[in-house]
$ cat work.txt   # compact mmCIF, C-alpha atoms
# COMPACT_ATOMS: atom_id res chain seq x y z
CA MET W 1 0.00 0.00 0.00
CA THR W 2 1.44 3.34 -1.04
CA PRO W 3 0.88 6.54 0.98
CA VAL W 4 -1.53 7.71 -1.74
CA GLU W 5 -3.54 4.49 -1.44
CA LEU W 6 -3.51 4.78 2.34
CA SER W 7 -4.79 8.35 2.06
CA ARG W 8 -7.70 7.08 -0.02
CA THR W 9 -8.37 4.34 2.54
CA VAL W 10 -8.54 6.94 5.32
CA LEU W 11 -10.99 9.03 3.29
CA ARG W 12 -13.16 5.98 2.66
CA ALA W 13 -13.27 5.38 6.42
CA VAL W 14 -14.36 8.98 6.98
CA ARG W 15 -16.99 8.66 4.27
CA ARG W 16 -18.42 5.52 5.89
CA ALA W 17 -18.58 7.30 9.23
CA VAL W 18 -20.51 10.14 7.58
CA ASP W 19 -22.85 7.72 5.82
CA ASP W 20 -23.48 5.92 9.12
CA GLY W 21 -24.40 9.21 10.80
CA GLU W 22 -21.51 9.20 13.32
CA LEU W 23 -19.85 12.25 11.75
CA SER W 24 -21.54 15.26 10.23
CA VAL W 25 -18.82 16.80 8.06
CA SER W 26 -17.89 17.33 4.45
CA VAL W 27 -15.41 14.64 3.42
CA PRO W 28 -12.13 16.42 2.53
CA GLU W 29 -10.45 15.89 -0.81
CA ARG W 30 -7.23 14.57 0.71
CA ALA W 31 -6.02 12.98 3.93
CA VAL W 32 -2.36 13.74 4.55
CA VAL W 33 -0.37 10.74 5.81
CA SER W 34 3.22 11.01 6.97
CA VAL W 35 5.83 9.35 9.15
CA PRO W 36 4.69 9.28 12.82
CA GLY W 37 6.11 12.08 14.93
CA PRO W 38 7.47 11.89 18.49
CA GLY W 39 5.21 9.73 20.62
CA GLY W 40 3.68 8.07 17.59
CA CYS W 41 3.95 4.50 16.40
CA GLY W 42 3.38 2.33 13.35
CA ASP W 43 4.26 3.01 9.72
CA PHE W 44 2.20 6.15 9.05
CA ALA W 45 0.17 8.73 10.92
CA THR W 46 -2.59 11.14 9.92
CA THR W 47 -4.09 14.22 11.55
CA ILE W 48 -7.44 13.84 9.78
CA ALA W 49 -9.30 13.67 13.12
CA LEU W 50 -7.84 17.00 14.28
CA GLN W 51 -8.79 18.47 10.91
CA LEU W 52 -12.42 17.30 11.22
CA ALA W 53 -12.99 17.92 14.93
CA ARG W 54 -14.18 21.52 14.70
CA PRO W 55 -16.59 21.06 11.75
CA ALA W 56 -17.85 17.83 13.34
CA GLY W 57 -18.47 19.57 16.67
CA GLN W 58 -16.75 16.74 18.54
CA PRO W 59 -13.43 16.30 20.36
CA ALA W 60 -10.65 15.25 18.02
CA ARG W 61 -10.00 12.09 20.00
CA ARG W 62 -13.65 11.05 19.63
CA VAL W 63 -13.44 11.65 15.86
CA ALA W 64 -10.22 9.61 15.78
CA GLU W 65 -11.91 6.68 17.53
CA VAL W 66 -14.79 6.79 15.04
CA VAL W 67 -12.39 6.70 12.09
CA ARG W 68 -10.15 4.11 13.76
CA ALA W 69 -13.06 1.67 14.06
CA ARG W 70 -13.53 1.79 10.29
CA LEU W 71 -9.84 1.69 9.44
CA ALA W 72 -9.02 -1.32 11.61
CA GLY W 73 -9.24 -4.45 9.50
CA ALA W 74 -9.16 -2.61 6.16
CA HIS W 75 -7.14 -4.35 3.47
CA GLY W 76 -3.41 -3.87 4.07
CA ILE W 77 -3.84 -2.40 7.57
CA ARG W 78 -2.70 -4.45 10.58
CA ASP W 79 -3.42 -2.05 13.43
CA VAL W 80 -4.56 1.51 14.18
CA VAL W 81 -3.69 3.31 17.42
CA VAL W 82 -4.92 6.71 18.61
CA THR W 83 -2.30 8.81 20.41
CA GLY W 84 -2.11 12.33 21.79
CA PRO W 85 -5.03 14.65 21.09
CA GLY W 86 -6.23 12.52 18.16
CA PHE W 87 -3.40 11.30 15.95
CA LEU W 88 -4.20 8.10 14.05
CA ASN W 89 -1.13 5.84 13.89
CA ILE W 90 -1.41 3.14 11.24
CA SER W 91 0.58 -0.08 11.00
CA LEU W 92 0.54 -1.89 7.67
CA ASP W 93 0.43 -5.64 7.15
CA ALA W 94 3.88 -7.20 7.33
CA GLN W 95 3.80 -8.15 3.65
CA VAL W 96 3.01 -4.60 2.62
CA ASP W 97 6.15 -2.49 2.16
CA PRO W 98 5.41 1.24 1.83
CA VAL W 99 8.74 2.05 0.17
CA ALA W 100 8.39 -0.55 -2.57
CA GLY W 101 4.77 0.40 -3.18
CA LEU W 102 5.52 4.09 -3.55
CA VAL W 103 8.55 3.48 -5.77
CA GLN W 104 6.50 1.20 -8.01
CA GLU W 105 3.84 3.90 -8.36
CA ILE W 106 6.42 6.55 -9.29
CA ARG W 107 8.09 4.19 -11.78
CA ARG W 108 4.70 3.42 -13.33
CA LYS W 109 3.60 7.05 -13.69
CA GLY W 110 7.00 8.57 -14.44
CA ALA W 111 6.99 12.32 -14.94
CA ARG W 112 3.20 12.34 -14.44
CA TYR W 113 3.49 11.14 -10.85
CA GLY W 114 1.50 13.53 -8.70
CA TYR W 115 -0.86 14.62 -11.46
CA GLY W 116 -4.49 14.76 -10.34
CA GLU W 117 -7.96 16.11 -11.03
CA ALA W 118 -8.24 18.92 -8.48
CA LEU W 119 -8.96 21.46 -11.25
CA ALA W 120 -10.54 19.11 -13.77
CA GLY W 121 -12.55 21.00 -16.38
CA GLN W 122 -11.72 24.41 -14.94
CA VAL W 123 -10.40 27.33 -16.97
CA VAL W 124 -8.18 29.61 -14.90
CA ALA W 125 -7.74 33.14 -16.24
CA LEU W 126 -4.47 34.73 -15.18
CA ARG W 127 -4.35 38.50 -15.64
CA VAL W 128 -0.82 39.77 -15.13
CA PRO W 129 1.05 43.03 -15.57
CA TYR W 130 3.77 43.46 -18.21
CA GLU W 131 6.62 42.56 -15.84
CA VAL W 132 9.20 39.79 -16.13
CA ARG W 133 8.52 38.04 -12.83
CA ALA W 134 4.77 38.08 -13.37
CA GLU W 135 5.27 36.55 -16.83
CA VAL W 136 7.54 33.79 -15.50
CA VAL W 137 5.24 32.96 -12.58
CA ALA W 138 2.24 32.86 -14.89
CA ASP W 139 4.07 30.49 -17.26
CA ALA W 140 4.79 28.10 -14.37
CA VAL W 141 1.20 28.34 -13.12
CA VAL W 142 -0.07 27.37 -16.58
CA ARG W 143 2.00 24.18 -16.37
CA LEU W 144 0.89 23.44 -12.81
CA VAL W 145 -2.79 23.93 -13.55
CA GLY W 146 -2.38 21.44 -16.39
CA THR W 147 -1.15 18.79 -13.95
CA GLN W 148 -4.48 19.00 -12.16
CA GLY W 149 -6.70 18.64 -15.20
CA GLY W 150 -7.37 22.34 -15.68
CA ARG W 151 -6.41 24.88 -18.33
CA ALA W 152 -4.92 28.29 -17.62
CA ILE W 153 -4.84 31.25 -19.99
CA VAL W 154 -2.66 34.33 -19.56
CA GLU W 155 -4.03 37.79 -20.24
CA HIS W 156 -2.80 41.34 -19.65
CA GLY W 157 -4.78 44.25 -18.37
CA ASP W 158 -6.86 45.19 -15.37
CA PRO W 159 -8.01 43.91 -13.03
CA VAL W 160 -4.74 42.07 -12.38
CA ASN W 161 -5.14 38.91 -10.28
CA LEU W 162 -1.54 37.66 -10.30
CA ARG W 163 1.00 40.28 -9.26
CA PRO W 164 4.13 38.94 -7.53
CA VAL W 165 6.60 41.47 -6.12
CA PRO W 166 8.65 42.59 -9.15
CA ALA W 167 12.29 41.70 -9.63
CA PRO W 168 14.55 44.56 -8.53
CA GLU W 169 16.61 44.22 -11.70
CA ASP W 170 16.83 42.29 -14.94
CA PRO W 171 17.49 38.58 -14.15
CA ALA W 172 18.59 37.73 -17.71
CA PRO W 173 22.36 37.86 -16.92
CA LEU W 174 21.87 34.83 -14.64
CA GLY W 175 20.95 32.66 -17.62
CA PRO W 176 17.55 31.06 -18.24
CA ASP W 177 17.60 28.39 -15.50
CA ALA W 178 19.02 30.43 -12.63
CA ALA W 179 16.88 33.41 -13.62
CA ARG W 180 13.68 31.36 -13.49
CA TRP W 181 14.68 29.85 -10.14
CA ALA W 182 15.46 33.29 -8.72
CA LEU W 183 11.98 34.46 -9.71
CA LEU W 184 10.04 31.32 -8.77
CA HIS W 185 11.66 30.10 -5.55
CA PRO W 186 10.55 33.02 -3.32
CA ALA W 187 6.90 33.36 -2.40
CA ALA W 188 4.99 35.89 -4.51
CA HIS W 189 4.96 38.44 -1.65
CA ASP W 190 8.75 38.23 -1.22
CA ARG W 191 11.20 40.28 -3.26
CA PRO W 192 13.44 37.99 -5.34
CA ARG W 193 17.22 38.19 -5.04
CA ILE W 194 18.89 38.68 -8.42
CA THR W 195 22.45 37.80 -7.45
CA ALA W 196 25.26 35.55 -8.65
CA ASP W 197 24.63 33.30 -5.63
CA HIS W 198 22.20 31.40 -7.84
CA LEU W 199 25.11 30.37 -10.07
CA VAL W 200 27.50 29.14 -7.38
CA GLN W 201 27.96 25.37 -7.24
CA ARG W 202 27.90 24.83 -3.51
CA GLU W 203 25.57 23.50 -0.83
CA GLY W 204 24.33 26.96 0.10
CA ASN W 205 22.66 27.30 -3.32
CA PRO W 206 19.27 25.49 -3.28
CA LEU W 207 19.11 25.31 -7.09
CA PHE W 208 22.52 23.65 -7.19
CA ARG W 209 21.45 21.06 -4.58
CA VAL W 210 18.34 20.15 -6.57
CA ARG W 211 20.13 19.83 -9.90
CA TYR W 212 23.15 18.12 -8.31
CA ALA W 213 20.92 15.52 -6.63
CA HIS W 214 19.25 14.76 -9.96
CA ALA W 215 22.57 14.49 -11.79
CA ARG W 216 23.98 12.22 -9.08
CA VAL W 217 20.99 9.90 -9.35
CA ARG W 218 21.41 9.67 -13.11
CA ALA W 219 25.13 8.93 -12.68
CA LEU W 220 24.34 6.14 -10.21
CA GLY W 221 22.02 4.54 -12.75
CA ARG W 222 24.75 4.59 -15.39
CA ASN W 223 27.32 3.18 -12.99
CA ALA W 224 24.95 0.45 -11.80
CA ALA W 225 24.43 -0.60 -15.41
CA ARG W 226 28.20 -0.91 -15.82
CA LEU W 227 28.25 -3.15 -12.74
CA GLY W 228 25.53 -5.29 -14.27
CA PHE W 229 22.52 -4.62 -12.05
CA ASP W 230 19.24 -2.71 -12.37
CA ALA W 231 16.94 -0.97 -9.94
CA GLU W 232 14.29 -3.14 -8.30
CA PRO W 233 11.78 -1.76 -5.78
CA GLY W 234 12.01 -3.29 -2.33
CA PRO W 235 12.41 -2.51 1.37
CA VAL W 236 15.01 0.14 2.23
CA ASP W 237 16.29 0.68 5.77
CA ASP W 238 16.05 4.23 7.11
CA ALA W 239 14.09 5.44 4.07
CA ARG W 240 11.47 7.40 5.97
CA GLY W 241 13.24 10.72 5.62
CA LEU W 242 12.82 10.41 1.84
CA LEU W 243 9.54 8.51 1.83
CA THR W 244 7.54 11.39 3.29
CA PRO W 245 8.49 14.10 0.74
CA LEU W 246 8.05 11.67 -2.16
CA ALA W 247 4.63 10.65 -0.89
CA ASP W 248 3.75 14.33 -0.36
CA HIS W 249 4.50 15.28 -3.97
CA PRO W 250 0.89 14.89 -5.27
CA ARG W 251 -0.38 17.17 -2.49
CA ILE W 252 2.29 19.76 -3.24
CA LEU W 253 1.44 19.81 -6.95
CA SER W 254 -2.25 20.20 -6.18
CA ALA W 255 -1.63 23.03 -3.71
CA ALA W 256 0.82 24.82 -6.03
CA ALA W 257 -1.72 24.69 -8.86
CA THR W 258 -4.75 25.62 -6.75
CA HIS W 259 -3.04 28.55 -5.02
CA ARG W 260 -1.06 29.66 -8.10
CA ALA W 261 2.12 29.25 -6.10
CA PRO W 262 5.03 27.66 -7.98
CA ASP W 263 7.26 28.60 -5.03
CA ARG W 264 5.66 25.72 -3.12
CA LEU W 265 6.93 23.28 -5.72
CA ALA W 266 10.38 24.89 -5.80
CA ARG W 267 10.79 24.58 -2.04
CA HIS W 268 9.47 21.02 -2.13
CA LEU W 269 12.14 20.06 -4.67
CA VAL W 270 14.78 21.34 -2.25
CA THR W 271 13.27 19.12 0.46
CA VAL W 272 13.37 16.07 -1.84
CA ALA W 273 16.97 16.80 -2.85
CA ASP W 274 18.09 17.22 0.75
CA ALA W 275 16.38 13.93 1.67
CA VAL W 276 17.87 11.85 -1.17
CA LEU W 277 21.47 13.09 -0.99
CA PRO W 278 22.35 11.15 2.21
CA LEU W 279 21.10 7.93 0.56
CA LEU W 280 23.30 8.16 -2.53
CA PRO W 281 26.69 7.09 -1.05
CA CYS W 282 25.29 3.65 -0.12
CA VAL W 283 23.49 2.88 -3.40
CA LEU W 284 26.40 1.18 -5.20
CA PRO W 285 28.48 -1.74 -3.86
CA VAL W 286 31.83 -0.82 -2.30
CA GLY W 287 35.10 -2.70 -2.82
CA GLU W 288 34.55 -6.46 -3.21
CA GLU W 289 30.89 -6.16 -2.26
CA LYS W 290 28.49 -7.76 -4.74
CA PRO W 291 25.25 -6.10 -5.86
CA SER W 292 22.44 -7.24 -3.59
CA ALA W 293 18.68 -6.80 -3.29
CA ALA W 294 19.38 -3.91 -0.91
CA HIS W 295 21.48 -2.12 -3.56
CA ARG W 296 18.75 -2.63 -6.15
CA ALA W 297 16.09 -1.28 -3.78
CA ARG W 298 18.18 1.77 -2.87
CA LEU W 299 18.81 2.49 -6.53
CA ALA W 300 15.07 2.23 -7.27
CA LEU W 301 14.28 4.64 -4.44
CA ALA W 302 16.96 7.07 -5.59
CA GLU W 303 15.68 6.92 -9.17
CA ALA W 304 12.14 7.62 -7.91
CA ALA W 305 13.46 10.76 -6.25
CA GLY W 306 15.25 11.66 -9.48
CA THR W 307 11.97 11.30 -11.36
CA VAL W 308 10.26 13.72 -8.97
CA LEU W 309 13.14 16.20 -9.22
CA ALA W 310 13.21 16.08 -13.03
CA GLY W 311 9.43 16.39 -13.31
CA GLY W 312 9.31 19.28 -10.86
CA LEU W 313 12.11 21.19 -12.55
CA SER W 314 10.40 20.71 -15.91
CA LEU W 315 7.19 22.21 -14.54
CA LEU W 316 9.20 25.23 -13.42
CA GLY W 317 10.73 25.48 -16.91
CA ILE W 318 14.21 24.57 -15.62
CA ASP W 319 16.57 22.02 -17.11
CA ALA W 320 17.39 18.85 -15.14
CA PRO W 321 20.94 18.01 -16.26
CA GLU W 322 22.24 14.47 -16.74
CA HIS W 323 25.74 15.66 -15.81
CA LEU W 324 26.78 18.42 -13.43
$ encode --input "work.txt" --output "structure tokens"
Amino acid sequence: MTPVELSRTVLRAVRRAVDDGELSVSVPERAVVSVPGPGGCGDFATTIALQLARPAGQPARRVAEVVRARLAGAHGIRDVVVTGPGFLNISLDAQVDPVAGLVQEIRRKGARYGYGEALAGQVVALRVPYEVRAEVVADAVVRLVGTQGGRAIVEHGDPVNLRPVPAPEDPAPLGPDAARWALLHPAAHDRPRITADHLVQREGNPLFRVRYAHARVRALGRNAARLGFDAEPGPVDDARGLLTPLADHPRILSAAATHRAPDRLARHLVTVADAVLPLLPCVLPVGEEKPSAAHRARLALAEAAGTVLAGGLSLLGIDAPEHL
């Protein structure tokens, strides 16, 4: 069971509770699942009960118990425990591996992983001023809206409904990729920095970390092929730090499209890059070590992260290099 499938299972449990008259709420579009926090347990946790408590007019812990009763025994779920004010902690069946399931889903969908129907059939009119940052943001929003089944059109003239803080100077000297990142990475209400820092190849440059992580993943795939082994999804020890941002990618795309905020995607790519980089040194065998199932699983997980990084950069209109 992948995190996306688990999210759907949680929503089905909420829907059954509503149908049975135990909860009087509108069923949300998405239930966020993530790695349990301090004091939690199991494979995943969700705050859906805290989210629904106020509209339901009930304590969050009572809502959690209602949902727990319908989650327990669902296919792929071994146990559900309520902790704290109403956190639902979910343990999956032993034969269900969340890492392998998520990696398989990303491999199956490729660059379209995370695409959804949040804006299906909608036409979003973007009216922007004649200003370089507004034009670049609008271009990225058009791409993001398309990932959610909608269509965006860009117009000029009043009343303007997309007006990010303008760039203080012409970003063109940075080159196309760094210029777009400089304009898209800050939130719309923040003034972008048009400096050479965006070109420096060091850890302090978020754009460099994202592109470097992608290039490293691609290099690992080439080197693995030379060693005679391929990626194969499977369990990976200590993968949770990467599992959560990969599983969160569909939600980020939906939010970035709905709120016309490509900066959310840009910051998410930095999170994915920072999570995958510590994994990369242990992907390939070392010395006399032979390729094992663990190496294949780590490579598959790394390549899944590379797919998310490449797809996200493409949506921002930025190149994802094979070599860096």
$ residues_around --input "work.txt" --residues "Asp93 in chain W" --least-positions-apart "3" --cutoff "10 Å" --atoms "all atoms listed in the file" --output "list of chain:residue names"
W:Met1, W:Asp43, W:His75, W:Gly76, W:Ile77, W:Arg78, W:Asp79, W:Ile90, W:Val96, W:Asp97
$ write_last_selection --input "work.txt" --atoms "C-alpha atoms" --output "mmCIF file, keeping the file's coordinate frame"
data_model
loop_
_atom_site.group_PDB
_atom_site.id
_atom_site.type_symbol
_atom_site.label_atom_id
_atom_site.label_comp_id
_atom_site.auth_asym_id
_atom_site.auth_seq_id
_atom_site.Cartn_x
_atom_site.Cartn_y
_atom_site.Cartn_z
ATOM 1 C CA MET W 1 0.000 0.000 0.000
ATOM 2 C CA ASP W 43 4.260 3.010 9.720
ATOM 3 C CA HIS W 75 -7.140 -4.350 3.470
ATOM 4 C CA GLY W 76 -3.410 -3.870 4.070
ATOM 5 C CA ILE W 77 -3.840 -2.400 7.570
ATOM 6 C CA ARG W 78 -2.700 -4.450 10.580
ATOM 7 C CA ASP W 79 -3.420 -2.050 13.430
ATOM 8 C CA ILE W 90 -1.410 3.140 11.240
ATOM 9 C CA VAL W 96 3.010 -4.600 2.620
ATOM 10 C CA ASP W 97 6.150 -2.490 2.160
#
$ closest_atom_pairs --input "work.txt" --of "range 236-301 of chain W" --to "range 130-135 of chain W" --cutoff "12 Å" --atoms "only C-alpha atoms" --output "Markdown table"
| residue | atom | partner | partner_atom | distance |
| --- | --- | --- | --- | --- |
| W:Arg260 | CA | W:Ala134 | CA | 11.5 |
| W:Ala261 | CA | W:Ala134 | CA | 11.7 |
| W:Pro262 | CA | W:Ala134 | CA | 11.7 |
$ closest_residue --input "work.txt" --among "W:Thr307, W:Gln122, W:Thr195, W:Gln51" --to "Arg211 in chain W" --atoms "all atoms listed in the file"
W:Thr307
$ residues_around --input "work.txt" --residues "Leu253 in chain W" --least-positions-apart "4" --cutoff "9 Å" --atoms "all atoms listed in the file" --output "PDB file with C-alpha atoms, in the coordinates of the input"
ATOM      1  CA  GLY W 114       1.500  13.530  -8.700  1.00  0.00           C
ATOM      2  CA  TYR W 115      -0.860  14.620 -11.460  1.00  0.00           C
ATOM      3  CA  GLY W 116      -4.490  14.760 -10.340  1.00  0.00           C
ATOM      4  CA  LEU W 144       0.890  23.440 -12.810  1.00  0.00           C
ATOM      5  CA  VAL W 145      -2.790  23.930 -13.550  1.00  0.00           C
ATOM      6  CA  THR W 147      -1.150  18.790 -13.950  1.00  0.00           C
ATOM      7  CA  GLN W 148      -4.480  19.000 -12.160  1.00  0.00           C
ATOM      8  CA  ASP W 248       3.750  14.330  -0.360  1.00  0.00           C
ATOM      9  CA  HIS W 249       4.500  15.280  -3.970  1.00  0.00           C
ATOM     10  CA  ALA W 257      -1.720  24.690  -8.860  1.00  0.00           C
ATOM     11  CA  THR W 258      -4.750  25.620  -6.750  1.00  0.00           C
ATOM     12  CA  PRO W 262       5.030  27.660  -7.980  1.00  0.00           C
ATOM     13  CA  ARG W 264       5.660  25.720  -3.120  1.00  0.00           C
ATOM     14  CA  LEU W 265       6.930  23.280  -5.720  1.00  0.00           C
ATOM     15  CA  GLY W 312       9.310  19.280 -10.860  1.00  0.00           C
TER      16      GLY W 312
END
$ closest_residue --input "work.txt" --among "W:Leu324, W:Ala231, W:Ala304, W:Leu243" --to "Val99 in chain W" --atoms "all atoms listed in the file"
W:Leu243
$ residues_around --input "work.txt" --residues "Leu279 in chain W" --least-positions-apart "3" --cutoff "9 Å" --atoms "only C-alpha atoms" --output "ChimeraX atom specification"
/W:239,242,275-276,282-283,298,302
$ residues_around --input "work.txt" --residues "Asp20 in chain W" --least-positions-apart "5" --cutoff "12 Å" --atoms "only C-alpha atoms" --output "PyMOL selection string"
chain W and resi 13-15+25+66-67+70
$ closest_residue --input "work.txt" --among "W:Val18, W:Leu52, W:Leu162, W:Ile252" --to "Ala188 in chain W" --atoms "only C-alpha atoms"
W:Leu162
$ atom_distance --input "work.txt" --atom1 "CA of Val270 in chain W" --atom2 "CA of Leu309 in chain W"
8.8 Å
$ residues_around --input "work.txt" --residues "Val160 in chain W" --least-positions-apart "2" --cutoff "7 Å" --atoms "only C-alpha atoms" --output "PDB file with C-alpha atoms, keeping the file's coordinate frame"
ATOM      1  CA  ARG W 127      -4.350  38.500 -15.640  1.00  0.00           C
ATOM      2  CA  VAL W 128      -0.820  39.770 -15.130  1.00  0.00           C
ATOM      3  CA  PRO W 129       1.050  43.030 -15.570  1.00  0.00           C
ATOM      4  CA  GLY W 157      -4.780  44.250 -18.370  1.00  0.00           C
ATOM      5  CA  ASP W 158      -6.860  45.190 -15.370  1.00  0.00           C
ATOM      6  CA  LEU W 162      -1.540  37.660 -10.300  1.00  0.00           C
ATOM      7  CA  ARG W 163       1.000  40.280  -9.260  1.00  0.00           C
TER       8      ARG W 163
END
$ atom_distance --input "work.txt" --atom1 "CA of Ala64 in chain W" --atom2 "CA of Phe87 in chain W"
7.0 Å
$ decode --input "work.txt" --residues "range 254-266 of chain W" --atoms "N, CA and C atoms" --output "PDB file, in the first residue's frame"
ATOM      1  N   SER W 254      -0.866  19.716  -6.239  1.00  0.00           N
ATOM      2  CA  SER W 254      -2.248  20.199  -6.181  1.00  0.00           C
ATOM      3  C   SER W 254      -2.318  21.574  -5.523  1.00  0.00           C
ATOM      4  N   ALA W 255      -1.599  21.745  -4.413  1.00  0.00           N
ATOM      5  CA  ALA W 255      -1.625  23.033  -3.712  1.00  0.00           C
ATOM      6  C   ALA W 255      -0.973  24.126  -4.544  1.00  0.00           C
ATOM      7  N   ALA W 256       0.137  23.812  -5.207  1.00  0.00           N
ATOM      8  CA  ALA W 256       0.817  24.817  -6.030  1.00  0.00           C
ATOM      9  C   ALA W 256      -0.078  25.277  -7.176  1.00  0.00           C
ATOM     10  N   ALA W 257      -0.826  24.341  -7.759  1.00  0.00           N
ATOM     11  CA  ALA W 257      -1.723  24.694  -8.859  1.00  0.00           C
ATOM     12  C   ALA W 257      -2.929  25.471  -8.356  1.00  0.00           C
ATOM     13  N   THR W 258      -3.527  25.005  -7.272  1.00  0.00           N
ATOM     14  CA  THR W 258      -4.747  25.624  -6.751  1.00  0.00           C
ATOM     15  C   THR W 258      -4.496  27.040  -6.258  1.00  0.00           C
ATOM     16  N   HIS W 259      -3.349  27.248  -5.607  1.00  0.00           N
ATOM     17  CA  HIS W 259      -3.041  28.551  -5.022  1.00  0.00           C
ATOM     18  C   HIS W 259      -2.152  29.405  -5.921  1.00  0.00           C
ATOM     19  N   ARG W 260      -1.883  28.919  -7.135  1.00  0.00           N
ATOM     20  CA  ARG W 260      -1.063  29.661  -8.104  1.00  0.00           C
ATOM     21  C   ARG W 260       0.287  30.011  -7.487  1.00  0.00           C
ATOM     22  N   ALA W 261       0.908  29.009  -6.895  1.00  0.00           N
ATOM     23  CA  ALA W 261       2.123  29.246  -6.099  1.00  0.00           C
ATOM     24  C   ALA W 261       3.226  28.279  -6.494  1.00  0.00           C
ATOM     25  N   PRO W 262       3.925  28.542  -7.600  1.00  0.00           N
ATOM     26  CA  PRO W 262       5.028  27.656  -7.984  1.00  0.00           C
ATOM     27  C   PRO W 262       6.153  27.622  -6.960  1.00  0.00           C
ATOM     28  N   ASP W 263       6.224  28.626  -6.077  1.00  0.00           N
ATOM     29  CA  ASP W 263       7.261  28.601  -5.033  1.00  0.00           C
ATOM     30  C   ASP W 263       7.100  27.395  -4.120  1.00  0.00           C
ATOM     31  N   ARG W 264       5.866  26.905  -3.955  1.00  0.00           N
ATOM     32  CA  ARG W 264       5.660  25.717  -3.121  1.00  0.00           C
ATOM     33  C   ARG W 264       6.346  24.502  -3.739  1.00  0.00           C
ATOM     34  N   LEU W 265       6.260  24.382  -5.044  1.00  0.00           N
ATOM     35  CA  LEU W 265       6.930  23.282  -5.721  1.00  0.00           C
ATOM     36  C   LEU W 265       8.441  23.447  -5.644  1.00  0.00           C
ATOM     37  N   ALA W 266       8.940  24.661  -5.844  1.00  0.00           N
ATOM     38  CA  ALA W 266      10.385  24.888  -5.799  1.00  0.00           C
ATOM     39  C   ALA W 266      10.953  24.503  -4.440  1.00  0.00           C
TER      40      ALA W 266
END
